[in-house]
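Asks: Starting off with a structure, shown below.
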Amino acid sequence: QVQLVESGGGLVQAGGSLRLSCAGSGIIFSLTPMGWYRQAPGKQRESVAGITRDRTTTYADSVKGRFTISRDNAKNTVYLQMNSLKPEDTAVYYCNAYPVPSRTYWGQGTRVTVSS
């Protein structure tokens, strides 16, 4: 079965940085486009960034220039480097297949809180 485990979240002041990690198992990771998603309190889950097998990346307009997605296929891991964080980035962050997430792949997520 597929398991995606997110980590690296925490509490950070506005302007700070965090690096999220997502370790995957049970899938052919190197063949799977992966993405990061987030769900803020009271809001629907949204796509943040995606990376294809050949490392082509896409970003939501709200994070362009601040977030960087990357992957290490040898480690079955995808990362999200988040810089210049804003209070509106506060959310639970998840990784999943991209651009269409799988209902069965959702993990517990990692919580990011940005204080003003």
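Labeling convention for the structure tokens: chains A, B, ... as they appear, residues from 1 per chain, ligands from 1 in order of appearance.
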Mind the document's chain letters and residue numbers, and return as JSON, numbers by chain the residues of chain A that DSSP labels helix (DSSP H, G or I).

Replies: {"A": [29, 30, 31, 73, 74, 75, 87, 88, 89]}

Asks: Those residues you just picked out, can you put them in a file as a short mmCIF file (atom, residue, chain, number, x, y, z; two decimals), in the first residue's frame with all heavy atoms?

Replies:
```
data_model
loop_
_atom_site.label_atom_id
_atom_site.label_comp_id
_atom_site.auth_asym_id
_atom_site.auth_seq_id
_atom_site.Cartn_x
_atom_site.Cartn_y
_atom_site.Cartn_z
N PHE A 29 8.09 5.71 -7.12
CA PHE A 29 8.19 7.15 -6.85
C PHE A 29 8.76 7.90 -8.04
O PHE A 29 8.29 8.98 -8.39
CB PHE A 29 9.04 7.36 -5.61
CG PHE A 29 8.94 8.74 -5.02
CD1 PHE A 29 7.90 9.06 -4.18
CD2 PHE A 29 9.89 9.69 -5.31
CE1 PHE A 29 7.80 10.32 -3.63
CE2 PHE A 29 9.81 10.96 -4.77
CZ PHE A 29 8.75 11.28 -3.94
N SER A 30 9.80 7.34 -8.65
CA SER A 30 10.49 8.05 -9.73
C SER A 30 9.60 8.27 -10.95
O SER A 30 9.88 9.14 -11.76
CB SER A 30 11.74 7.27 -10.14
OG SER A 30 11.38 5.99 -10.62
N LEU A 31 8.51 7.52 -11.08
CA LEU A 31 7.62 7.65 -12.22
C LEU A 31 6.39 8.49 -11.92
O LEU A 31 5.56 8.70 -12.80
CB LEU A 31 7.17 6.26 -12.69
CG LEU A 31 8.28 5.31 -13.17
CD1 LEU A 31 7.68 4.00 -13.64
CD2 LEU A 31 9.12 5.95 -14.26
N ASN A 73 14.67 11.13 -6.09
CA ASN A 73 14.06 9.83 -6.37
C ASN A 73 14.79 8.68 -5.67
O ASN A 73 14.18 7.67 -5.33
CB ASN A 73 14.02 9.58 -7.88
CG ASN A 73 13.02 10.49 -8.58
OD1 ASN A 73 12.05 10.94 -7.98
ND2 ASN A 73 13.27 10.77 -9.84
N ALA A 74 16.08 8.84 -5.49
CA ALA A 74 16.84 7.79 -4.80
C ALA A 74 16.36 7.62 -3.36
O ALA A 74 16.47 6.53 -2.79
CB ALA A 74 18.32 8.13 -4.83
N LYS A 75 15.85 8.70 -2.79
CA LYS A 75 15.36 8.65 -1.41
C LYS A 75 13.84 8.59 -1.35
O LYS A 75 13.26 8.64 -0.25
CB LYS A 75 15.84 9.88 -0.63
CG LYS A 75 17.35 9.94 -0.45
CD LYS A 75 17.74 11.16 0.37
CE LYS A 75 19.25 11.20 0.58
NZ LYS A 75 19.67 12.39 1.37
N PRO A 87 1.72 34.99 7.11
CA PRO A 87 0.66 34.39 7.94
C PRO A 87 -0.37 33.61 7.11
O PRO A 87 -0.90 32.59 7.58
CB PRO A 87 0.03 35.60 8.62
CG PRO A 87 1.16 36.58 8.72
CD PRO A 87 1.94 36.40 7.44
N GLU A 88 -0.62 34.05 5.89
CA GLU A 88 -1.59 33.35 5.05
C GLU A 88 -1.09 32.01 4.53
O GLU A 88 -1.83 31.26 3.89
CB GLU A 88 -2.04 34.24 3.87
CG GLU A 88 -0.91 34.84 3.08
CD GLU A 88 -0.61 36.26 3.52
OE1 GLU A 88 -0.52 36.53 4.74
OE2 GLU A 88 -0.40 37.12 2.62
N ASP A 89 0.17 31.69 4.79
CA ASP A 89 0.69 30.36 4.45
C ASP A 89 0.36 29.34 5.54
O ASP A 89 0.64 28.14 5.37
CB ASP A 89 2.21 30.41 4.27
CG ASP A 89 2.62 31.24 3.07
OD1 ASP A 89 1.97 31.14 2.01
OD2 ASP A 89 3.62 31.99 3.20
#
```

Asks: Write out as a list in words each polymer residue whose atoms come within 12 Å of Gly109 in chain A, counting only C-alpha atoms; drop sequence neighbours fewer than 6 positions from it.

Replies: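 Result of the neighbour search: Gln3, Leu4, Val5, Glu6, Ser7, Gly8, Gly9, Gly10, Leu20, Ser21, Cys22, Ala23, Trp36, Tyr37, Arg38, Gln39, Ala40, Arg45, Ala91, Val92, Tyr93, Tyr94, Cys95 and Asn96 of chain A.
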
Asks: Please compute the CA of Arg53 in chain A-CA of Thr32 in chain A distance, one decimal, in Å.

Replies: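 A separation of 6.3 Å between them.
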
Asks: How many Å separate CA of Thr113 in chain A from CA of Thr68 in chain A?

Replies: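 These two atoms are separated by 18.2 Å.
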
Asks: Which neighbours of Thr90 in chain A fall inside 12 Å, counting only C-alpha atoms, when residues of the same chain fewer than 6 positions from it are skipped, and could you give them as an NGL selection string?

Replies: :A and (9-14 or 18 or 38-43 or 82 or 110-116)

Asks: As an exercise, work out the distance from CA of Pro101 in chain A to CA of Gly16 in chain A in Å and give it to one decimal place.

Replies: 28.3 Å

Asks: As a list of chain:residue names, please: the residues near Ile27 in chain A (cut-off 8 Å, only C-alpha atoms, same-chain neighbours under 3 positions excluded).

Replies: A:Gln1, A:Val2, A:Gly24, A:Thr32

Asks: I'd like the neighbourhood of Met34 in chain A as a VMD selection string, where a residue qualifies if any of its atoms comes within 6 Å (using only C-alpha atoms), though same-chain residues fewer than 3 positions away should be ignored.

Replies: chain A and resid 50 to 51 96 to 98

Asks: Assign secondary structure with DSSP using the backbone only, and return the residues of chain A in strand (DSSP E or B) as a PyMOL selection string.

Replies: chain A and resi 3-7+10-13+18-25+34-39+46-51+57-59+67-72+77-82+91-97+110-115
